[in-house]
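Everything below belongs to final-v3.txt, which stores compact mmCIF, C-alpha atoms.
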```txt
# COMPACT_ATOMS: atom_id res chain seq x y z
CA MET A 261 -54.27 77.51 17.36
CA GLN A 262 -53.81 76.03 20.82
CA THR A 263 -50.13 75.56 20.05
CA ALA A 264 -49.69 79.23 19.19
CA VAL A 265 -51.47 80.29 22.37
CA ASP A 266 -49.34 77.93 24.47
CA ALA A 267 -46.14 79.16 22.86
CA ALA A 268 -47.16 82.80 23.29
CA SER A 269 -47.91 82.34 26.99
CA ARG A 270 -44.72 80.32 27.47
CA ASP A 271 -42.61 83.10 25.97
CA GLY A 272 -44.54 85.98 27.49
CA ASP A 273 -41.66 86.84 29.82
CA ILE A 274 -39.23 87.18 26.91
CA ALA A 275 -41.67 89.35 24.98
CA GLU A 276 -42.08 91.49 28.08
CA LEU A 277 -38.30 91.96 28.41
CA LEU A 278 -38.09 92.93 24.74
CA ARG A 279 -40.84 95.51 25.15
CA ALA A 280 -38.92 96.92 28.13
CA GLY A 281 -35.81 97.24 25.95
CA GLU A 282 -33.94 94.57 27.93
CA ARG A 283 -32.51 92.91 24.86
CA ASP A 284 -29.59 91.15 26.54
CA ARG A 285 -31.73 89.67 29.28
CA ALA A 286 -34.34 88.62 26.73
CA PHE A 287 -31.66 86.87 24.70
CA ASP A 288 -30.30 85.11 27.79
CA ALA A 289 -33.79 83.81 28.59
CA LEU A 290 -34.29 82.76 24.98
CA LEU A 291 -30.95 80.98 24.96
CA ALA A 292 -31.75 79.06 28.14
CA ARG A 293 -35.08 77.96 26.69
CA TYR A 294 -34.23 77.24 23.06
CA GLU A 295 -30.54 76.39 22.90
CA GLN A 296 -31.09 72.63 23.15
CA LYS A 297 -34.04 72.66 20.78
CA ILE A 298 -32.21 74.70 18.17
CA TYR A 299 -29.26 72.33 18.35
CA ARG A 300 -31.53 69.27 18.04
CA LEU A 301 -33.35 70.77 15.08
CA CYS A 302 -29.99 71.40 13.40
CA CYS A 303 -28.86 67.83 14.19
CA ALA A 304 -32.07 66.41 12.74
CA MET A 305 -31.84 68.46 9.60
CA LEU A 306 -28.11 68.26 8.94
CA ARG A 307 -27.24 64.79 10.36
CA ASP A 308 -23.73 65.99 11.16
CA ARG A 309 -23.06 67.17 14.72
CA ALA A 310 -20.12 69.46 13.99
CA HIS A 311 -22.07 71.02 11.19
CA ALA A 312 -25.14 71.26 13.41
CA GLU A 313 -23.12 73.04 16.09
CA ASP A 314 -21.87 75.65 13.62
CA THR A 315 -25.32 76.17 12.17
CA ALA A 316 -26.98 76.42 15.60
CA GLN A 317 -24.42 79.07 16.45
CA GLU A 318 -25.08 80.98 13.23
CA SER A 319 -28.82 80.78 13.92
CA LEU A 320 -28.40 82.20 17.42
CA VAL A 321 -26.21 85.04 16.15
CA ARG A 322 -28.88 85.78 13.54
CA ILE A 323 -31.58 85.68 16.22
CA TRP A 324 -29.57 88.01 18.44
CA LYS A 325 -29.13 90.49 15.60
CA ALA A 326 -32.79 90.34 14.61
CA LEU A 327 -34.22 90.35 18.13
CA ASP A 328 -34.92 94.10 18.07
CA GLY A 329 -36.97 93.59 14.92
CA TYR A 330 -39.14 90.83 16.38
CA ASP A 331 -42.64 92.26 16.11
CA GLY A 332 -44.58 89.59 17.99
CA ARG A 333 -46.84 88.71 15.06
CA ALA A 334 -45.66 85.10 15.11
CA SER A 335 -45.00 83.30 18.37
CA LEU A 336 -41.40 83.59 19.47
CA SER A 337 -40.83 79.85 19.14
CA SER A 338 -42.12 79.83 15.53
CA TRP A 339 -39.88 82.80 14.75
CA VAL A 340 -36.84 81.12 16.32
CA TYR A 341 -37.49 77.83 14.54
CA ALA A 342 -38.08 79.57 11.21
CA ILE A 343 -34.70 81.32 11.43
CA THR A 344 -33.03 78.04 12.40
CA ARG A 345 -34.68 76.11 9.56
CA ASN A 346 -33.59 78.75 7.07
CA ARG A 347 -30.01 78.58 8.32
CA CYS A 348 -30.11 74.78 8.04
CA LEU A 349 -31.44 74.93 4.49
CA THR A 350 -28.70 77.38 3.57
CA ALA A 351 -26.13 75.09 5.18
CA LEU A 352 -27.51 72.10 3.28
CA GLU A 353 -27.29 73.99 0.00
CA ARG A 354 -23.71 74.99 0.78
CA ARG A 355 -22.81 71.43 1.71
CA ARG A 356 -24.45 70.06 -1.43
CA PHE A 357 -22.32 72.44 -3.46
CA MET A 358 -19.16 71.47 -1.56
CA ASP A 359 -19.99 67.77 -1.87
CA SER A 360 -20.30 68.17 -5.61
CA LEU A 361 -16.65 69.28 -5.59
CA ASP A 362 -15.48 66.37 -3.43
CA ASP A 363 -14.90 62.73 -4.31
CA GLY A 364 -16.67 59.68 -2.90
CA ASP A 365 -14.01 58.84 -0.32
CA VAL A 366 -14.44 62.15 1.43
CA GLU A 367 -18.21 61.67 1.46
CA THR A 368 -17.74 58.30 3.11
CA GLU A 369 -15.49 59.86 5.74
CA ILE A 370 -18.08 62.55 6.43
CA ALA A 371 -20.81 59.93 6.80
CA VAL A 372 -18.70 58.02 9.32
CA LEU A 373 -17.85 61.17 11.27
CA ALA A 374 -21.50 62.19 11.25
CA ARG A 375 -22.58 59.28 13.39
CA PRO A 376 -23.82 60.53 16.74
CA ASP A 377 -21.29 59.91 19.48
CA GLN A 378 -23.79 59.28 22.24
CA ALA A 379 -25.65 56.51 20.50
CA PRO A 380 -25.26 52.99 21.75
CA SER A 381 -22.94 51.00 19.55
CA ASP A 382 -24.62 47.59 19.62
CA ASP A 383 -25.54 45.91 16.35
CA ARG A 384 -29.29 46.41 16.69
CA SER A 385 -28.90 50.14 17.09
CA GLU A 386 -26.55 50.28 14.14
CA GLN A 387 -28.95 48.30 12.00
CA LEU A 388 -31.85 50.49 13.02
CA ARG A 389 -29.87 53.67 12.43
CA GLU A 390 -29.01 52.49 8.94
CA LEU A 391 -32.67 51.83 8.23
CA VAL A 392 -33.66 55.24 9.58
CA ASP A 393 -31.02 56.87 7.40
CA LEU A 394 -32.52 55.15 4.37
CA LEU A 395 -35.95 56.70 4.94
CA PRO A 396 -37.06 59.56 2.68
CA GLU A 397 -35.68 62.79 4.13
CA ARG A 398 -38.96 64.26 5.37
CA LEU A 399 -39.94 61.05 7.14
CA ARG A 400 -36.47 60.61 8.62
CA ARG A 401 -36.33 64.18 9.88
CA THR A 402 -39.76 63.94 11.50
CA LEU A 403 -39.03 60.59 13.11
CA VAL A 404 -35.68 61.72 14.51
CA LEU A 405 -37.14 64.93 15.95
CA TYR A 406 -40.06 63.02 17.43
CA TYR A 407 -37.70 60.97 19.57
CA PHE A 408 -35.40 63.94 20.25
CA GLU A 409 -38.40 65.85 21.59
CA GLU A 410 -39.63 63.03 23.80
CA ARG A 411 -42.48 62.06 21.51
CA SER A 412 -44.17 65.47 21.34
CA THR A 413 -45.82 65.80 17.94
CA ARG A 414 -46.87 69.36 18.77
CA GLU A 415 -43.29 70.48 19.36
CA VAL A 416 -42.07 68.67 16.25
CA ALA A 417 -44.78 70.40 14.18
CA GLN A 418 -43.64 73.79 15.45
CA MET A 419 -40.00 73.02 14.83
CA LEU A 420 -40.63 71.86 11.28
CA GLY A 421 -43.21 74.56 10.57
CA CYS A 422 -45.94 72.19 9.47
CA PRO A 423 -49.35 71.07 10.80
CA GLU A 424 -49.43 68.48 13.56
CA GLY A 425 -51.46 66.17 11.31
CA THR A 426 -48.63 66.14 8.79
CA VAL A 427 -46.20 65.14 11.52
CA LYS A 428 -48.46 62.26 12.57
CA THR A 429 -48.81 61.10 8.98
CA HIS A 430 -45.05 61.19 8.46
CA LEU A 431 -44.49 59.27 11.66
CA PHE A 432 -46.99 56.63 10.68
CA ARG A 433 -45.39 56.22 7.28
CA ALA A 434 -41.89 56.19 8.71
CA ARG A 435 -42.76 53.46 11.17
CA ALA A 436 -44.56 51.45 8.48
CA ALA A 437 -41.53 51.75 6.20
CA LEU A 438 -39.21 50.65 9.00
CA THR A 439 -41.39 47.64 9.82
CA GLU A 440 -41.48 46.70 6.16
CA GLN A 441 -37.69 46.89 5.93
CA LEU A 442 -37.34 44.75 9.04
CA ARG A 443 -39.64 42.14 7.52
CA ARG A 444 -37.64 42.10 4.29
CA ARG A 445 -34.44 41.55 6.23
CA GLY A 446 -35.98 38.90 8.45
CA LEU A 447 -35.62 41.08 11.50
CA ASP A 448 -39.29 41.39 12.34
CA ASP A 449 -39.20 39.12 15.36
CA PRO A 450 -39.97 41.37 18.37
CA VAL A 451 -37.68 39.24 20.51
CA LEU A 452 -34.69 40.44 18.50
CA TRP A 453 -35.47 44.02 19.49
CA LEU A 454 -36.70 43.38 23.00
CA GLU A 455 -33.41 41.71 23.82
CA THR A 456 -31.53 44.98 23.51
CA THR A 457 -34.18 47.09 25.21
CA PRO A 458 -33.06 48.01 28.73
CA MET B 225 -55.56 56.74 9.97
CA LYS B 226 -53.99 54.37 12.44
CA ASP B 227 -52.98 55.71 15.81
CA PHE B 228 -49.23 55.80 15.36
CA GLU B 229 -48.67 56.87 18.96
CA ARG B 230 -50.09 53.64 20.33
CA PRO B 231 -47.95 50.67 19.28
CA GLN B 232 -50.10 48.13 17.46
CA ASP B 233 -48.30 44.93 18.36
CA ASP B 234 -45.19 43.52 20.03
CA LEU B 235 -42.94 44.48 17.13
CA ASP B 236 -44.24 48.06 17.25
CA ARG B 237 -43.60 48.27 20.96
CA ALA B 238 -40.12 46.82 20.68
CA LEU B 239 -39.32 49.07 17.73
CA ASP B 240 -40.56 52.13 19.57
CA ALA B 241 -38.36 51.36 22.56
CA GLN B 242 -35.34 50.67 20.37
CA LEU B 243 -35.88 53.88 18.39
CA ALA B 244 -36.06 55.85 21.63
CA ARG B 245 -32.68 54.40 22.61
CA THR B 246 -31.06 54.79 19.21
CA LEU B 247 -32.36 58.31 18.64
CA ALA B 248 -31.54 59.69 22.07
CA PRO B 249 -31.65 63.50 22.07
CA PRO B 250 -28.18 64.98 21.55
CA ARG B 251 -26.88 67.42 24.15
CA VAL B 252 -25.33 70.74 23.29
CA PRO B 253 -21.53 70.37 23.52
CA PRO B 254 -20.01 71.98 26.65
CA ARG B 255 -17.94 74.44 24.61
CA PHE B 256 -21.00 75.65 22.69
CA ARG B 257 -21.74 78.65 24.95
CA ALA B 258 -18.14 79.85 24.86
CA HIS B 259 -18.05 79.61 21.07
CA LEU B 260 -21.38 81.39 20.83
CA GLN B 261 -20.22 84.26 23.06
CA ALA B 262 -17.13 84.64 20.88
CA ALA B 263 -19.26 84.64 17.73
CA LEU B 264 -21.59 87.26 19.23
CA ALA B 265 -18.62 89.44 20.18
CA ARG B 266 -17.19 89.12 16.66
CA SER B 267 -20.56 89.97 15.20
CA ALA B 268 -20.86 93.08 17.40
CA GLU B 269 -17.35 94.17 16.42
CA SER B 270 -18.04 93.76 12.74
CA SER B 271 -21.32 95.67 13.15
CA LEU B 272 -19.47 98.59 14.77
CA SER B 273 -16.73 98.46 12.17
CA ASP B 274 -19.32 98.42 9.36
CA ALA B 275 -21.13 101.38 10.88
CA ARG B 276 -17.90 103.38 11.20
CA SER B 277 -16.94 102.66 7.60
CA ARG B 278 -20.41 103.69 6.45
CA PHE B 279 -20.29 106.96 8.39
CA GLU B 280 -16.82 107.72 7.04
CA ARG B 281 -18.01 107.12 3.48
CA GLU B 282 -21.05 109.34 4.04
CA GLN B 283 -18.93 112.09 5.56
CA GLN B 284 -16.52 111.94 2.63
CA ALA B 285 -19.39 112.19 0.15
CA THR B 286 -20.85 115.17 2.04
CA LEU B 287 -17.51 116.98 2.04
CA ILE B 288 -17.08 116.45 -1.71
CA ALA B 289 -20.60 117.77 -2.35
CA LEU B 290 -19.92 120.82 -0.17
CA GLU B 291 -16.68 121.54 -1.97
CA ARG B 292 -18.46 121.38 -5.33
CA ASN B 293 -21.17 123.73 -4.08
CA TYR B 294 -18.58 126.15 -2.72
CA VAL B 295 -16.75 126.35 -6.05
CA ARG B 296 -20.03 126.82 -7.88
CA LEU B 297 -21.03 129.65 -5.53
CA ARG B 298 -17.69 131.40 -5.93
CA ARG B 299 -18.06 131.27 -9.71
CA ARG B 300 -21.56 132.66 -9.45
CA THR B 301 -20.37 135.51 -7.24
CA LEU B 302 -17.52 136.32 -9.63
CA GLY B 303 -19.93 136.23 -12.57
CA THR B 304 -22.32 138.61 -10.82
CA MET B 305 -19.52 141.07 -10.09
CA ILE B 306 -18.12 141.00 -13.63
CA GLY B 307 -21.62 141.37 -15.07
CA GLY B 308 -22.38 144.29 -12.76
CA ALA B 309 -19.08 146.05 -13.61
CA PHE B 310 -19.65 145.57 -17.35
CA ALA B 311 -23.20 146.95 -17.10
CA ALA B 312 -21.98 149.92 -15.06
CA GLY B 313 -19.19 150.65 -17.58
CA ALA B 314 -21.59 150.43 -20.52
CA ALA B 315 -24.09 152.71 -18.79
CA ALA B 316 -21.33 155.24 -17.99
CA ALA B 317 -20.03 155.25 -21.58
CA VAL B 318 -23.51 155.94 -22.91
CA ALA B 319 -24.54 158.48 -20.27
CA LEU B 320 -21.22 160.32 -19.67
CA PRO B 321 -21.46 162.87 -22.55
CA TRP B 322 -25.06 163.70 -21.61
CA VAL B 323 -24.22 164.06 -17.88
CA THR B 324 -21.19 166.31 -18.59
CA ALA B 325 -23.21 168.50 -20.92
CA ASN B 326 -26.20 168.90 -18.59
CA LEU B 327 -24.82 168.61 -15.01
CA GLY B 328 -21.31 170.01 -15.27
CA PRO B 329 -17.75 168.55 -15.32
CA ILE B 330 -17.79 167.24 -11.71
CA ALA B 331 -20.95 165.18 -12.14
CA PRO B 332 -19.21 162.13 -13.74
CA LEU B 333 -16.86 161.91 -10.75
CA ALA B 334 -19.79 162.02 -8.30
CA ILE B 335 -21.73 159.41 -10.27
CA ALA B 336 -18.61 157.16 -10.46
CA SER B 337 -18.24 157.37 -6.68
CA VAL B 338 -21.89 156.43 -6.15
CA GLY B 339 -21.48 153.60 -8.67
CA THR B 340 -18.44 152.28 -6.80
CA LEU B 341 -20.36 152.29 -3.54
CA VAL B 342 -23.32 150.50 -5.14
CA GLY B 343 -20.91 147.94 -6.67
CA ILE B 344 -19.29 147.27 -3.30
CA TRP B 345 -22.71 146.85 -1.72
CA ILE B 346 -23.85 144.38 -4.43
CA GLY B 347 -20.60 142.39 -4.14
CA ALA B 348 -20.77 142.27 -0.35
CA SER B 349 -24.40 141.18 -0.29
CA ALA B 350 -23.72 138.48 -2.93
CA TRP B 351 -20.78 137.19 -0.89
CA LEU B 352 -22.81 137.19 2.32
CA SER B 353 -25.75 135.32 0.78
CA SER B 354 -23.37 132.73 -0.76
CA ARG B 355 -21.70 132.26 2.60
CA ALA B 356 -25.07 131.80 4.32
CA GLU B 357 -26.08 129.18 1.73
CA TYR B 358 -22.78 127.33 2.20
CA ASP B 359 -23.10 127.39 5.99
CA SER B 360 -26.62 125.98 5.83
CA GLN B 361 -25.27 122.87 4.04
CA LEU B 362 -22.69 122.08 6.68
CA PRO B 363 -23.52 119.03 8.83
CA PRO B 364 -24.70 119.92 12.33
```

Would you mind writing the file out in structure tokens?
Amino acid sequence: MQTAVDAASRDGDIAELLRAGERDRAFDALLARYEQKIYRLCCAMLRDRAHAEDTAQESLVRIWKALDGYDGRASLSSWVYAITRNRCLTALERRRFMDSLDDGDVETEIAVLARPDQAPSDDRSEQLRELVDLLPERLRRTLVLYYFEERSTREVAQMLGCPEGTVKTHLFRARAALTEQLRRRGLDDPVLWLETTP
Amino acid sequence: MKDFERPQDDLDRALDAQLARTLAPPRVPPRFRAHLQAALARSAESSLSDARSRFEREQQATLIALERNYVRLRRRTLGTMIGGAFAAGAAAAVALPWVTANLGPIAPLAIASVGTLVGIWIGASAWLSSRAEYDSQLPP
């Protein structure tokens, strides 16, 4: 409940602009506030940056079109995230269908291209990224968003449209699964990981 | 449930730090805004184009409906006039011998003149009411 109140007060200025019929200004304010978050949510859900960019764009066009119909029943952030999640799910369905038409080589190429370009390229990061990618999808998505959103479980819960407790549970399980994988691979010595920590 | 936010041991702490590095938040590409503005413009154009096509289709349908109504009204008017003329002729054929015998030889001519005037009045009023009905269906 606190989250909804916070979000409502945070977006009060946008709601005010919408009530005043200032749709373009409201959208500009919304864009400034949610552009990064929408893109990160798309990245976390789709794994592929080019794909995430297209889907974030589609989501924002959809939001712009639907902005007049926003009735204020849900907080603006929940509404924005719900539209983005739906676009991502549609994109995933479309990609699944397209993948079913492609062969394995193309899938491998896509997986290589999908690797984030800003990530450090040292071996430890690569190993860890591989382990994260092996996590069950819900755990992986939650874990990735948690670090994208600077460890805010509240924000992650809003973005994924689930209770904060669920986010915490997923994070706990994700971290336990990662630790277990590190143990199995003999990589559970903290020194190995501390060495690469700046 | 364990407190996942507080690392439990050295491995947890090291893992947390490494995850924070590995999963650094991605930044929106610099060209994103420009692409978005183009997509919004395209979307607005297609919305206008859709609206124009819809209005044109609606206008076409309205014109076809009006044309059908107009033809139907003209037929109704013609039917009324033919029916009226037939009834007047039948009435004259029946009543003419009686009128000539009782009112004199000029009476049929006078009655025919009155009948013509009444027929013109009925035809004109039917045409005017049809026209008014047609006009009321025109779009504003």

Given all atoms listed in the file, how would the per-residue table for chain B near chain A read, listing every residue at most 12 Å away with its closest atom pair and distance in Å to one decimal, sorted by chain and number, as JSON lines?
```
{"residue": "B:Met225", "atom": "CA", "partner": "A:Thr429", "partner_atom": "CA", "distance": 8.1}
{"residue": "B:Lys226", "atom": "CA", "partner": "A:Phe432", "partner_atom": "CA", "distance": 7.6}
{"residue": "B:Asp227", "atom": "CA", "partner": "A:Phe432", "partner_atom": "CA", "distance": 7.9}
{"residue": "B:Phe228", "atom": "CA", "partner": "A:Phe432", "partner_atom": "CA", "distance": 5.3}
{"residue": "B:Glu229", "atom": "CA", "partner": "A:Lys428", "partner_atom": "CA", "distance": 8.4}
{"residue": "B:Arg230", "atom": "CA", "partner": "A:Phe432", "partner_atom": "CA", "distance": 10.6}
{"residue": "B:Pro231", "atom": "CA", "partner": "A:Arg435", "partner_atom": "CA", "distance": 10.0}
{"residue": "B:Gln232", "atom": "CA", "partner": "A:Arg435", "partner_atom": "CA", "distance": 11.0}
{"residue": "B:Asp233", "atom": "CA", "partner": "A:Pro450", "partner_atom": "CA", "distance": 9.1}
{"residue": "B:Asp234", "atom": "CA", "partner": "A:Pro450", "partner_atom": "CA", "distance": 5.9}
{"residue": "B:Leu235", "atom": "CA", "partner": "A:Pro450", "partner_atom": "CA", "distance": 4.5}
{"residue": "B:Asp236", "atom": "CA", "partner": "A:Thr439", "partner_atom": "CA", "distance": 8.0}
{"residue": "B:Arg237", "atom": "CA", "partner": "A:Pro450", "partner_atom": "CA", "distance": 8.2}
{"residue": "B:Ala238", "atom": "CA", "partner": "A:Leu454", "partner_atom": "CA", "distance": 5.4}
{"residue": "B:Leu239", "atom": "CA", "partner": "A:Trp453", "partner_atom": "CA", "distance": 6.6}
{"residue": "B:Asp240", "atom": "CA", "partner": "A:Arg435", "partner_atom": "CA", "distance": 8.8}
{"residue": "B:Ala241", "atom": "CA", "partner": "A:Thr457", "partner_atom": "CA", "distance": 6.5}
{"residue": "B:Gln242", "atom": "CA", "partner": "A:Thr457", "partner_atom": "CA", "distance": 6.1}
{"residue": "B:Leu243", "atom": "CA", "partner": "A:Tyr407", "partner_atom": "CA", "distance": 7.4}
{"residue": "B:Ala244", "atom": "CA", "partner": "A:Tyr407", "partner_atom": "CA", "distance": 5.8}
{"residue": "B:Arg245", "atom": "CA", "partner": "A:Pro380", "partner_atom": "CA", "distance": 7.6}
{"residue": "B:Thr246", "atom": "CA", "partner": "A:Ser385", "partner_atom": "CA", "distance": 5.5}
{"residue": "B:Leu247", "atom": "CA", "partner": "A:Tyr407", "partner_atom": "CA", "distance": 6.0}
{"residue": "B:Ala248", "atom": "CA", "partner": "A:Phe408", "partner_atom": "CA", "distance": 6.0}
{"residue": "B:Pro249", "atom": "CA", "partner": "A:Phe408", "partner_atom": "CA", "distance": 4.2}
{"residue": "B:Pro250", "atom": "CA", "partner": "A:Arg300", "partner_atom": "CA", "distance": 6.5}
{"residue": "B:Arg251", "atom": "CA", "partner": "A:Gln296", "partner_atom": "CA", "distance": 6.8}
{"residue": "B:Val252", "atom": "CA", "partner": "A:Gln296", "partner_atom": "CA", "distance": 6.1}
{"residue": "B:Pro253", "atom": "CA", "partner": "A:Glu313", "partner_atom": "CA", "distance": 8.1}
{"residue": "B:Pro254", "atom": "CA", "partner": "A:Glu313", "partner_atom": "CA", "distance": 11.1}
{"residue": "B:Arg255", "atom": "CA", "partner": "A:Glu313", "partner_atom": "CA", "distance": 10.1}
{"residue": "B:Phe256", "atom": "CA", "partner": "A:Glu313", "partner_atom": "CA", "distance": 7.4}
{"residue": "B:Arg257", "atom": "CA", "partner": "A:Gln317", "partner_atom": "CA", "distance": 8.9}
{"residue": "B:Ala258", "atom": "CA", "partner": "A:Gln317", "partner_atom": "CA", "distance": 10.5}
{"residue": "B:His259", "atom": "CA", "partner": "A:Gln317", "partner_atom": "CA", "distance": 7.9}
{"residue": "B:Leu260", "atom": "CA", "partner": "A:Gln317", "partner_atom": "CA", "distance": 5.8}
{"residue": "B:Gln261", "atom": "CA", "partner": "A:Val321", "partner_atom": "CA", "distance": 9.2}
{"residue": "B:Ala262", "atom": "CA", "partner": "A:Gln317", "partner_atom": "CA", "distance": 10.2}
{"residue": "B:Ala263", "atom": "CA", "partner": "A:Val321", "partner_atom": "CA", "distance": 7.1}
{"residue": "B:Leu264", "atom": "CA", "partner": "A:Val321", "partner_atom": "CA", "distance": 6.0}
{"residue": "B:Ala265", "atom": "CA", "partner": "A:Val321", "partner_atom": "CA", "distance": 9.7}
{"residue": "B:Arg266", "atom": "CA", "partner": "A:Val321", "partner_atom": "CA", "distance": 9.9}
{"residue": "B:Ser267", "atom": "CA", "partner": "A:Val321", "partner_atom": "CA", "distance": 7.6}
{"residue": "B:Ala268", "atom": "CA", "partner": "A:Lys325", "partner_atom": "CA", "distance": 8.9}
{"residue": "B:Ser270", "atom": "CA", "partner": "A:Lys325", "partner_atom": "CA", "distance": 11.9}
{"residue": "B:Ser271", "atom": "CA", "partner": "A:Lys325", "partner_atom": "CA", "distance": 9.7}
```

Spatial neighbours of Arg355 of chain A, 10 Å, all atoms listed in the file, chain gap at least 5 places, as a list of chain:residue names: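 With the cut-off at 10 Å, the set is A:Leu306, A:His311, A:Leu349, A:Thr350, A:Ser360, A:Leu361.
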
Atom CA of Ala319 of chain B to atom CA of Ala331 of chain B, straight-line distance in Å: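 Rounded to one decimal, the two atoms are 11.1 Å apart.
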
Shortest interatomic distance to Arg345 of chain A - which of A:Val416, A:Leu301, A:Ala275, A:Val427, counting all atoms listed in the file: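 Answer, going by the shortest atom-to-atom distance: A:Leu301.
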
Surrounding residues of Trp351 of chain B excluding itself and chain neighbours under 5 positions, 9 Å, all atoms listed in the file, as a PDB file with C-alpha atoms, in the frame of the given file:
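So out_13.pdb came out as:
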```
ATOM      1  CA  LEU B 297     -21.030 129.650  -5.530  1.00  0.00           C
ATOM      2  CA  ARG B 298     -17.690 131.400  -5.930  1.00  0.00           C
ATOM      3  CA  THR B 301     -20.370 135.510  -7.240  1.00  0.00           C
ATOM      4  CA  ILE B 346     -23.850 144.380  -4.430  1.00  0.00           C
ATOM      5  CA  ALA B 356     -25.070 131.800   4.320  1.00  0.00           C
TER       6      ALA B 356
END
```

One-decimal distance in Å that lies between atom CA of Asp288 of chain A and atom CA of Asp328 of chain A: 14.0 Å

Interatomic distance (Å, one decimal) between atom CA of Ile343 of chain A and atom CA of Ser277 of chain B: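 Between these atoms lies a distance of 28.0 Å.
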
Mind working out the centre and edge lengths of an axis-aligned box for segment 314-326 of chain A, all listed atoms inside, 5 Å added to each side, rounded to one decimal in Å and written as AutoDock Vina command-line options?
```
--center_x -27.3 --center_y 83.1 --center_z 15.3 --size_x 20.9 --size_y 24.8 --size_z 16.3
```

Shell of 12 Å around Ala326 of chain A, all atoms listed in the file, local chain residues under 6 positions omitted, as a count of residues only: 9
